[in-house]
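Everything on this sheet refers to the single structure shown next.
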Amino acid sequence: MSGVLEGFTTIGALIALGALLAHLRVFDLSAQVVLSRLAFYVASPALMITVLQDADVSAVLSRNLVATGCAVVTVVLLYLAVARLVLRQGLADTVVGALCSAYVNAGNLGLPIAAYVLGDAALVAPTLLLQMLVLQPIALAVLDVAVAEHRVPWHRFVTRPLRTPLTVGSLLGLTLSLTDVRLPRLVDEPLGLVGAMAVPAMLIAYGVSLRLGPRPGSGGSAPVLALIVTLKLVVQPVVAYTVGRFALGMDGAPLLAVTVLAALPAAQNIFVIAVRYDRSTVLARDAVFATTVLSVPAVAVAAAVVG
């Protein structure tokens with residue numbers, strides 16, 4: 001469990017730093033927006049290149065990916081059904097809520113857990129690549145359409161993922177991995193420095209929002225938040241385990257990996273995306289906060305059941 005505790009401790013420390021800087025009036029809400037834009041447009045694409053260029057792409061073609069994908073699709077469809085038919089949410093708000101329910105913190109928590117708890121950092125690769133190359137580009141393309149003031153032509157919708165910085169960075173990193181090409185040192189090292197800003201910028205911006213924004217749980221979003229927490233920390237790991245164990249015949253470390261990784265909390269970059277599109281920002285912030293706090297027992301239970 002040391003990897004789990006280290007991951008959560010690191011996240012908590014940077015969020016607390018953001019809250020402290022906001023409390024001391026070093027940062028205000030406008031600084032939160034600047035940090036979020038820096039992470040979205042610059043640092044995160046650089047991070048995607050540096051992470052994916054070293055990823056084991058062959059791991060994508062595995063039972064791990066199938067179980068993970070089934071869990072993600074199930075959760076997204078359930079959220080879409082409830083959000084549109086019961087909650088009557090708009091399209092953009094529905095997309096943000098679906099991301100909160102299905103997009104796991106595979107970077108900050110997944111990597112240390114895979115390395116220190118599961119014993120193989122490569123086990124997180126299918127989850128990372130599925131989110132970066134499939135779930136995120138689709139969500140961003142739909143959000144672009146949802147917030148557009150005019151009807152978006154079909155060809156712009158289809159090509160929108162190719163014009164999104166995060167998706168472009170992911171595709172470049174994947175191409176480098178597939179071709180086994182390494183960037184020149186003069187390019188790779190500055191890119192690594194820029195990419196290293198992504199996670200701290202996200203977490204500090206999140207801490208600023210916690211201190212200066214509406215208090216967690218406010219705004220009448222309790223029913224939606226309860227739905228997200230249930231889908232994220234209960235339904236997603238249960239589906240991943242069920243598909244992996246009974247449909248794919250997985251056991252041991254691979255089954256433990258898909259179950260534990262599915263029980264991880266919502267990723268901070270969902271909050272950055274919400275800020276970027278100015279939709280469900282408070283809900284995204286609260287969902288990250290609630291799932292992060294509650295995922296500690298969720299991960300422990302998942303590990304105990306499979307292990």
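In the structure tokens, chains take letters A, B, ... by order of appearance, with residues numbered from 1 within each chain and ligands from 1 in the order shown.
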Selection near region 7-16 of chain A, 6 Å with only C-alpha atoms, sequence-local residues under 4 positions removed, as a PyMOL selection string: chain A and resi 109+203-204+207
Nearby residues (only C-alpha atoms) at most 12 Å from Pro190 (chain A), same-chain spacing under 4 positions excluded, as a VMD selection string: chain A and resid 43 46 to 47 49 to 50 183 to 186 194 to 197
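Across A:Cys100, A:Leu231, A:Ala274, A:Leu248, the tightest approach to Ala287 (chain A) is made by A:Cys100 when counting only C-alpha atoms.
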Give me, as a PyMOL selection string, all polymer residues having an atom no more than 12 Å from Gly18 (chain A), counting only C-alpha atoms and skipping those fewer than 3 positions away in the same chain. chain A and resi 11-15+21-29+31-32+35+200-212
Alpha helix (DSSP H) call set, DSSP backbone run, region 12-254 of chain A, as number ranges by chain: A: 12-23, 29-38, 44-52, 63-85, 91-102, 111-112, 125-130, 136-147, 154-159, 165-179, 185-195, 198-212, 222-230, 236-242, 252-254
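The coordinates place CA of Leu264 (chain A) at 21.7 Å from CA of Phe40 (chain A).
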Extract, using only C-alpha atoms, all DNA, RNA and protein residues at most 6 Å from region 232-235 of chain A, discarding same-chain residues fewer than 4 positions from it, and format them as a ChimeraX atom specification. /A:101-102,228,263
Could you write out that same residue set with all heavy atoms as a tab-separated table (two decimals), in the first residue's frame?
chain	number	residue	atom	x	y	z
A	101	SER	N	-17.13	10.40	-14.16
A	101	SER	CA	-17.55	9.06	-13.77
A	101	SER	C	-16.63	7.97	-14.30
A	101	SER	O	-16.61	6.86	-13.76
A	101	SER	CB	-18.98	8.80	-14.27
A	101	SER	OG	-19.88	9.75	-13.78
A	102	ALA	N	-15.88	8.25	-15.37
A	102	ALA	CA	-15.16	7.17	-16.05
A	102	ALA	C	-13.66	7.40	-16.21
A	102	ALA	O	-12.91	6.44	-16.39
A	102	ALA	CB	-15.77	6.95	-17.44
A	228	ILE	N	-22.05	10.19	-9.62
A	228	ILE	CA	-20.68	10.08	-10.12
A	228	ILE	C	-19.83	9.21	-9.21
A	228	ILE	O	-19.09	8.32	-9.67
A	228	ILE	CB	-20.06	11.48	-10.27
A	228	ILE	CG1	-20.71	12.23	-11.44
A	228	ILE	CG2	-18.55	11.40	-10.48
A	228	ILE	CD1	-20.31	13.68	-11.55
A	263	ALA	N	-10.77	1.44	-9.81
A	263	ALA	CA	-11.26	2.02	-8.56
A	263	ALA	C	-10.56	3.33	-8.20
A	263	ALA	O	-10.84	3.91	-7.15
A	263	ALA	CB	-11.08	1.02	-7.42
